[in-house]
Amino acid sequence: MSPFTGSAPPTEKWRHLRITRDDGVATVTLARPEKLNALTFGAYADLRDLLAELSRERSVQALVLGGEGRGFCSGGDVDEIIGATLAMDTAELLDFNRMTGQVVRAIRECPFPVVAAVHGVAAGAGAVLALAADFRIADPSARFSFLFTKVGLSGGDMGAAYLLPRVVGLGHATRLLMLGEPVRAPEAERIGLLSELVDEGRADERAAELARHLADGPALAYAQTKALLTAELDMPLAGAVEMDAATQALLMHGRDYAEFHAAFTAKRPPEWQGR
């Protein structure tokens with residue numbers, strides 16, 4: 001995303017999210033614990049806009065996405081979203097569904113790694129938010145449910161039919177998206193949906209540790225790796241290796257590449273600058 005801004009000032013307060021910052025690590029918490037962090041129109045819009053702002057300001061090197069209370073996110077609020085959409089016309093529904101997809105694109109396209117810390121339920125849109133993250137850290141209480149067919153909609157919502165087969169394979173993705181059955185943490189780990197399964201109650205702690213490790217590393221190298229992972233999903237090999245070559249040539253002019261050599265020669269740890 002472009003770092004250039006127009007006239008609009010940065011947002012000082014987000015009404016539908018809680019965000020904290022710690023030396024390059026942003027922690028974004030879905031904070032409606034009484035509703036299992038069910039998403040509202042405002043929460044979707046805040047996630048979309050927050051990720052765009054963080055991408056432009058370039059002060060964040062890693063982001064943790066978590067949920068307060070007993071679960072990660074139970075999906076769209078049944079009353080505030082599903083009930084409201086029944087009264088919308090086609091143009092309004094298209095605007096809403098495009099917005100939810102823009103959140104997933106923002107997670108995939110932001111120039112820093114996103115770590116989802118999952119405990120308890122991750123259902124519907126909540127499951128897709130976790131799916132879109134670069135890393136999914138979960139404890140044994142976690143259960144993922146892609147519930148869209150359960151409400152009479154396509155399982156291919158918010159990019160799920162694009163992302164999930166690429167993470168777990170077409171066979172598992174077909175089962176999860178068509179049947180909408182819950183996948184508990186041990187099975188999620190077995191089929192590759194999880195990056196790491198941790199002890200009960202440690203998902204937030206481990207996600208923060210991983211985010212800290214990422215933020216202290218070569219941020220530009222991580223950003224370009226993430227960009228290539230997304231861009232090359234649909235490329236032929238010839239195009240992918242050419243893009244890799246161009247990217248490496250640019251990074252070889254970077255400060256971090258020279259810093260690695262200097263640190264290696266001096267037998268000291270690198271001091272990464274993310275440049």
# chains A, B, ... in the order shown; residues from 1 in each chain; ligands from 1
call {"tool": "residues_around", "arguments": {"residues": "range 42-47 of chain A", "least_positions_apart": "2", "cutoff": "8 Å", "atoms": "only C-alpha atoms", "output": "PyMOL selection string"}}
result
chain A and resi 14-17+39-40+49-51+99-100+103
call {"tool": "write_last_selection", "arguments": {"atoms": "all heavy atoms", "output": "mmCIF file, in the first residue's frame"}}
result
data_model
loop_
_atom_site.group_PDB
_atom_site.id
_atom_site.type_symbol
_atom_site.label_atom_id
_atom_site.label_comp_id
_atom_site.auth_asym_id
_atom_site.auth_seq_id
_atom_site.Cartn_x
_atom_site.Cartn_y
_atom_site.Cartn_z
ATOM 1 N N TRP A 14 -10.510 4.534 17.550
ATOM 2 C CA TRP A 14 -11.293 3.550 16.799
ATOM 3 C C TRP A 14 -12.436 3.067 17.692
ATOM 4 O O TRP A 14 -12.204 2.523 18.773
ATOM 5 C CB TRP A 14 -10.396 2.386 16.364
ATOM 6 C CG TRP A 14 -9.279 2.845 15.477
ATOM 7 C CD1 TRP A 14 -8.025 3.229 15.856
ATOM 8 C CD2 TRP A 14 -9.331 3.011 14.065
ATOM 9 N NE1 TRP A 14 -7.286 3.620 14.765
ATOM 10 C CE2 TRP A 14 -8.066 3.502 13.650
ATOM 11 C CE3 TRP A 14 -10.318 2.791 13.096
ATOM 12 C CZ2 TRP A 14 -7.766 3.765 12.318
ATOM 13 C CZ3 TRP A 14 -10.028 3.062 11.764
ATOM 14 C CH2 TRP A 14 -8.773 3.544 11.383
ATOM 15 N N ARG A 15 -13.651 3.244 17.238
ATOM 16 C CA ARG A 15 -14.811 2.948 18.076
ATOM 17 C C ARG A 15 -15.078 1.457 18.230
ATOM 18 O O ARG A 15 -15.636 1.016 19.230
ATOM 19 C CB ARG A 15 -16.059 3.616 17.499
ATOM 20 C CG ARG A 15 -16.096 5.123 17.678
ATOM 21 C CD ARG A 15 -17.468 5.664 17.378
ATOM 22 N NE ARG A 15 -17.847 5.413 15.988
ATOM 23 C CZ ARG A 15 -19.079 5.117 15.587
ATOM 24 N NH1 ARG A 15 -20.047 4.994 16.468
ATOM 25 N NH2 ARG A 15 -19.334 4.935 14.309
ATOM 26 N N HIS A 16 -14.684 0.660 17.236
ATOM 27 C CA HIS A 16 -15.102 -0.742 17.219
ATOM 28 C C HIS A 16 -13.962 -1.722 17.471
ATOM 29 O O HIS A 16 -14.167 -2.929 17.417
ATOM 30 C CB HIS A 16 -15.763 -1.058 15.874
ATOM 31 C CG HIS A 16 -16.892 -0.134 15.548
ATOM 32 N ND1 HIS A 16 -18.138 -0.250 16.126
ATOM 33 C CD2 HIS A 16 -16.961 0.954 14.728
ATOM 34 C CE1 HIS A 16 -18.930 0.704 15.654
ATOM 35 N NE2 HIS A 16 -18.238 1.448 14.813
ATOM 36 N N LEU A 17 -12.774 -1.204 17.748
ATOM 37 C CA LEU A 17 -11.601 -2.042 17.989
ATOM 38 C C LEU A 17 -10.793 -1.453 19.130
ATOM 39 O O LEU A 17 -10.895 -0.263 19.422
ATOM 40 C CB LEU A 17 -10.702 -2.094 16.736
ATOM 41 C CG LEU A 17 -11.315 -2.518 15.415
ATOM 42 C CD1 LEU A 17 -10.345 -2.199 14.289
ATOM 43 C CD2 LEU A 17 -11.667 -3.993 15.427
ATOM 44 N N LEU A 39 -18.952 -9.430 14.685
ATOM 45 C CA LEU A 39 -18.621 -8.253 13.894
ATOM 46 C C LEU A 39 -19.862 -7.455 13.518
ATOM 47 O O LEU A 39 -20.918 -8.023 13.217
ATOM 48 C CB LEU A 39 -17.889 -8.679 12.618
ATOM 49 C CG LEU A 39 -16.547 -9.387 12.852
ATOM 50 C CD1 LEU A 39 -16.089 -10.072 11.574
ATOM 51 C CD2 LEU A 39 -15.497 -8.407 13.333
ATOM 52 N N THR A 40 -19.716 -6.152 13.509
ATOM 53 C CA THR A 40 -20.765 -5.243 13.049
ATOM 54 C C THR A 40 -20.280 -4.548 11.781
ATOM 55 O O THR A 40 -19.117 -4.685 11.388
ATOM 56 C CB THR A 40 -21.063 -4.190 14.121
ATOM 57 O OG1 THR A 40 -19.861 -3.423 14.349
ATOM 58 C CG2 THR A 40 -21.499 -4.843 15.433
ATOM 59 N N ASP A 49 -10.107 0.193 7.459
ATOM 60 C CA ASP A 49 -9.452 1.508 7.493
ATOM 61 C C ASP A 49 -8.199 1.494 8.363
ATOM 62 O O ASP A 49 -7.209 2.153 8.044
ATOM 63 C CB ASP A 49 -10.434 2.565 7.986
ATOM 64 C CG ASP A 49 -11.619 2.741 7.044
ATOM 65 O OD1 ASP A 49 -11.535 2.267 5.885
ATOM 66 O OD2 ASP A 49 -12.633 3.327 7.464
ATOM 67 N N LEU A 50 -8.243 0.753 9.471
ATOM 68 C CA LEU A 50 -7.077 0.677 10.348
ATOM 69 C C LEU A 50 -5.891 0.048 9.627
ATOM 70 O O LEU A 50 -4.758 0.564 9.694
ATOM 71 C CB LEU A 50 -7.408 -0.141 11.594
ATOM 72 C CG LEU A 50 -6.228 -0.504 12.492
ATOM 73 C CD1 LEU A 50 -5.587 0.743 13.090
ATOM 74 C CD2 LEU A 50 -6.657 -1.460 13.592
ATOM 75 N N LEU A 51 -6.114 -1.042 8.931
ATOM 76 C CA LEU A 51 -5.021 -1.700 8.220
ATOM 77 C C LEU A 51 -4.430 -0.790 7.152
ATOM 78 O O LEU A 51 -3.223 -0.769 6.937
ATOM 79 C CB LEU A 51 -5.507 -3.015 7.620
ATOM 80 C CG LEU A 51 -5.745 -4.125 8.648
ATOM 81 C CD1 LEU A 51 -6.623 -5.220 8.064
ATOM 82 C CD2 LEU A 51 -4.429 -4.705 9.133
ATOM 83 N N MET A 99 -17.074 -4.719 1.015
ATOM 84 C CA MET A 99 -16.342 -4.216 2.177
ATOM 85 C C MET A 99 -15.724 -5.364 2.964
ATOM 86 O O MET A 99 -14.562 -5.293 3.373
ATOM 87 C CB MET A 99 -17.258 -3.404 3.092
ATOM 88 C CG MET A 99 -16.564 -2.933 4.369
ATOM 89 S SD MET A 99 -17.591 -1.889 5.430
ATOM 90 C CE MET A 99 -18.811 -3.074 5.988
ATOM 91 N N THR A 100 -16.464 -6.442 3.186
ATOM 92 C CA THR A 100 -15.903 -7.566 3.932
ATOM 93 C C THR A 100 -14.706 -8.159 3.197
ATOM 94 O O THR A 100 -13.708 -8.543 3.809
ATOM 95 C CB THR A 100 -16.954 -8.653 4.189
ATOM 96 O OG1 THR A 100 -17.381 -9.239 2.955
ATOM 97 C CG2 THR A 100 -18.155 -8.089 4.935
ATOM 98 N N VAL A 103 -11.541 -6.150 3.725
ATOM 99 C CA VAL A 103 -10.832 -6.436 4.981
ATOM 100 C C VAL A 103 -9.824 -7.556 4.770
ATOM 101 O O VAL A 103 -8.664 -7.473 5.187
ATOM 102 C CB VAL A 103 -11.824 -6.798 6.099
ATOM 103 C CG1 VAL A 103 -11.074 -7.225 7.362
ATOM 104 C CG2 VAL A 103 -12.749 -5.627 6.404
#
call {"tool": "residues_around", "arguments": {"residues": "Ala211 in chain A", "least_positions_apart": "6", "cutoff": "12 Å", "atoms": "only C-alpha atoms", "output": "list in words"}}
result
Arg21, Asp22, Asp23, Gly24, Val25, Ala26, Thr27, Val60, Gln61, Ala62, Leu63, Val64, Leu65, Phe112, Pro113, Val114, Val115, Ala116, Ala117, Asp134, Phe135, Arg136, Ile137, Asp204, Glu205, Gly217, Ala219 and Tyr222 of chain A
call {"tool": "closest_residue", "arguments": {"among": "A:Asp79, A:Ala132, A:Pro10, A:Lys226", "to": "Pro111 in chain A", "atoms": "only C-alpha atoms"}}
result
A:Lys226
call {"tool": "select_by_dssp", "arguments": {"residues": "range 76-266 of chain A", "states": "alpha helix (DSSP H)", "output": "PyMOL selection string"}}
result
chain A and resi 83-85+90-109+125-132+160-168+170-179+185-190+203-215+219-231+237-251+255-266
call {"tool": "residues_around", "arguments": {"residues": "Pro182 in chain A", "least_positions_apart": "5", "cutoff": "12 Å", "atoms": "only C-alpha atoms", "output": "PDB file with N, CA, C and O atoms, in the first residue's frame"}}
result
ATOM      1  N   GLY A 120     -10.997 -20.452  21.577  1.00  0.00           N
ATOM      2  CA  GLY A 120     -12.444 -20.547  21.486  1.00  0.00           C
ATOM      3  C   GLY A 120     -12.916 -20.503  20.050  1.00  0.00           C
ATOM      4  O   GLY A 120     -12.233 -20.950  19.126  1.00  0.00           O
ATOM      5  N   VAL A 121     -14.075 -19.911  19.848  1.00  0.00           N
ATOM      6  CA  VAL A 121     -14.717 -19.960  18.539  1.00  0.00           C
ATOM      7  C   VAL A 121     -14.073 -18.991  17.550  1.00  0.00           C
ATOM      8  O   VAL A 121     -13.735 -17.860  17.882  1.00  0.00           O
ATOM      9  N   ALA A 122     -13.877 -19.483  16.327  1.00  0.00           N
ATOM     10  CA  ALA A 122     -13.540 -18.641  15.174  1.00  0.00           C
ATOM     11  C   ALA A 122     -14.488 -19.094  14.076  1.00  0.00           C
ATOM     12  O   ALA A 122     -14.227 -20.078  13.376  1.00  0.00           O
ATOM     13  N   ALA A 123     -15.609 -18.416  13.944  1.00  0.00           N
ATOM     14  CA  ALA A 123     -16.694 -18.897  13.092  1.00  0.00           C
ATOM     15  C   ALA A 123     -17.038 -17.884  12.016  1.00  0.00           C
ATOM     16  O   ALA A 123     -16.900 -16.671  12.212  1.00  0.00           O
ATOM     17  N   GLY A 124     -17.501 -18.385  10.877  1.00  0.00           N
ATOM     18  CA  GLY A 124     -17.926 -17.512   9.796  1.00  0.00           C
ATOM     19  C   GLY A 124     -16.832 -16.546   9.408  1.00  0.00           C
ATOM     20  O   GLY A 124     -15.697 -16.933   9.109  1.00  0.00           O
ATOM     21  N   ALA A 127     -13.552 -16.988  11.182  1.00  0.00           N
ATOM     22  CA  ALA A 127     -12.662 -18.011  10.640  1.00  0.00           C
ATOM     23  C   ALA A 127     -11.884 -17.480   9.448  1.00  0.00           C
ATOM     24  O   ALA A 127     -10.705 -17.799   9.268  1.00  0.00           O
ATOM     25  N   SER A 141      -8.537 -24.966  22.839  1.00  0.00           N
ATOM     26  CA  SER A 141      -9.955 -24.592  22.857  1.00  0.00           C
ATOM     27  C   SER A 141     -10.445 -24.087  21.502  1.00  0.00           C
ATOM     28  O   SER A 141     -11.655 -23.960  21.288  1.00  0.00           O
ATOM     29  N   ALA A 142      -9.544 -23.801  20.594  1.00  0.00           N
ATOM     30  CA  ALA A 142      -9.922 -23.188  19.327  1.00  0.00           C
ATOM     31  C   ALA A 142     -10.735 -24.148  18.465  1.00  0.00           C
ATOM     32  O   ALA A 142     -10.450 -25.345  18.383  1.00  0.00           O
ATOM     33  N   ARG A 143     -11.735 -23.595  17.804  1.00  0.00           N
ATOM     34  CA  ARG A 143     -12.496 -24.361  16.821  1.00  0.00           C
ATOM     35  C   ARG A 143     -12.911 -23.419  15.687  1.00  0.00           C
ATOM     36  O   ARG A 143     -13.417 -22.323  15.929  1.00  0.00           O
ATOM     37  N   PHE A 144     -12.646 -23.862  14.471  1.00  0.00           N
ATOM     38  CA  PHE A 144     -12.908 -23.071  13.276  1.00  0.00           C
ATOM     39  C   PHE A 144     -14.160 -23.609  12.583  1.00  0.00           C
ATOM     40  O   PHE A 144     -14.280 -24.819  12.374  1.00  0.00           O
ATOM     41  N   SER A 145     -15.060 -22.715  12.216  1.00  0.00           N
ATOM     42  CA  SER A 145     -16.279 -23.126  11.510  1.00  0.00           C
ATOM     43  C   SER A 145     -16.571 -22.118  10.401  1.00  0.00           C
ATOM     44  O   SER A 145     -16.789 -20.935  10.681  1.00  0.00           O
ATOM     45  N   PHE A 146     -16.554 -22.605   9.162  1.00  0.00           N
ATOM     46  CA  PHE A 146     -16.898 -21.759   8.019  1.00  0.00           C
ATOM     47  C   PHE A 146     -18.391 -21.967   7.757  1.00  0.00           C
ATOM     48  O   PHE A 146     -18.795 -22.838   6.992  1.00  0.00           O
ATOM     49  N   LEU A 147     -19.209 -21.142   8.405  1.00  0.00           N
ATOM     50  CA  LEU A 147     -20.634 -21.417   8.572  1.00  0.00           C
ATOM     51  C   LEU A 147     -21.526 -20.903   7.451  1.00  0.00           C
ATOM     52  O   LEU A 147     -22.748 -20.980   7.572  1.00  0.00           O
ATOM     53  N   LYS A 150     -24.481 -22.756   6.248  1.00  0.00           N
ATOM     54  CA  LYS A 150     -25.461 -22.989   7.305  1.00  0.00           C
ATOM     55  C   LYS A 150     -26.529 -21.901   7.343  1.00  0.00           C
ATOM     56  O   LYS A 150     -27.611 -22.109   7.914  1.00  0.00           O
ATOM     57  N   ARG A 175     -14.730 -29.828   2.026  1.00  0.00           N
ATOM     58  CA  ARG A 175     -15.477 -30.326   3.190  1.00  0.00           C
ATOM     59  C   ARG A 175     -15.799 -29.191   4.159  1.00  0.00           C
ATOM     60  O   ARG A 175     -16.943 -29.055   4.614  1.00  0.00           O
ATOM     61  N   LEU A 176     -14.813 -28.351   4.458  1.00  0.00           N
ATOM     62  CA  LEU A 176     -15.029 -27.294   5.450  1.00  0.00           C
ATOM     63  C   LEU A 176     -16.004 -26.240   4.952  1.00  0.00           C
ATOM     64  O   LEU A 176     -16.862 -25.761   5.706  1.00  0.00           O
ATOM     65  N   LEU A 177     -15.892 -25.854   3.682  1.00  0.00           N
ATOM     66  CA  LEU A 177     -16.743 -24.780   3.169  1.00  0.00           C
ATOM     67  C   LEU A 177     -18.148 -25.260   2.834  1.00  0.00           C
ATOM     68  O   LEU A 177     -19.113 -24.507   2.979  1.00  0.00           O
ATOM     69  N   GLU A 187      -7.321 -31.209  14.851  1.00  0.00           N
ATOM     70  CA  GLU A 187      -7.502 -31.479  13.430  1.00  0.00           C
ATOM     71  C   GLU A 187      -7.017 -30.307  12.592  1.00  0.00           C
ATOM     72  O   GLU A 187      -6.422 -30.490  11.528  1.00  0.00           O
ATOM     73  N   ALA A 188      -7.274 -29.083  13.058  1.00  0.00           N
ATOM     74  CA  ALA A 188      -6.804 -27.904  12.336  1.00  0.00           C
ATOM     75  C   ALA A 188      -5.292 -27.941  12.177  1.00  0.00           C
ATOM     76  O   ALA A 188      -4.746 -27.597  11.121  1.00  0.00           O
TER      77      ALA A 188
END
call {"tool": "select_by_dssp", "arguments": {"residues": "range 41-274 of chain A", "states": "strand (DSSP E)", "output": "count of residues only"}}
result
25
call {"tool": "residues_around", "arguments": {"residues": "Ala125 in chain A", "least_positions_apart": "5", "cutoff": "8 Å", "atoms": "only C-alpha atoms", "output": "JSON, numbers by chain"}}
result
{"A": [73, 74, 75, 76, 146, 158]}
call {"tool": "closest_atom_pairs", "arguments": {"of": "range 118-229 of chain A", "to": "range 246-261 of chain A", "cutoff": "8 Å", "atoms": "only C-alpha atoms", "output": "tab-separated table"}}
result
residue	atom	partner	partner_atom	distance
A:Pro218	CA	A:Asp256	CA	6.7
A:Ala221	CA	A:Leu251	CA	7.5
A:Gln224	CA	A:Thr247	CA	7.5
call {"tool": "write_last_selection", "arguments": {"atoms": "C-alpha atoms", "output": "PDB file, in the first residue's frame"}}
result
ATOM      1  CA  PRO A 218      14.447  -7.648   8.663  1.00  0.00           C
ATOM      2  CA  ALA A 221      12.552  -8.800   3.693  1.00  0.00           C
ATOM      3  CA  GLN A 224       8.570  -8.620   0.274  1.00  0.00           C
TER       4      GLN A 224
END
call {"tool": "atom_distance", "arguments": {"atom1": "CA of Asp95 in chain A", "atom2": "CA of Ser55 in chain A"}}
result
23.0 Å
call {"tool": "atom_distance", "arguments": {"atom1": "CA of Thr20 in chain A", "atom2": "CA of Leu164 in chain A"}}
result
29.4 Å
call {"tool": "atom_distance", "arguments": {"atom1": "CA of Glu200 in chain A", "atom2": "CA of Asp139 in chain A"}}
result
5.1 Å
call {"tool": "residues_around", "arguments": {"residues": "His172 in chain A", "least_positions_apart": "6", "cutoff": "12 Å", "atoms": "only C-alpha atoms", "output": "PyMOL selection string"}}
result
chain A and resi 146+161+164-166+178-181+183+187-188+190-193
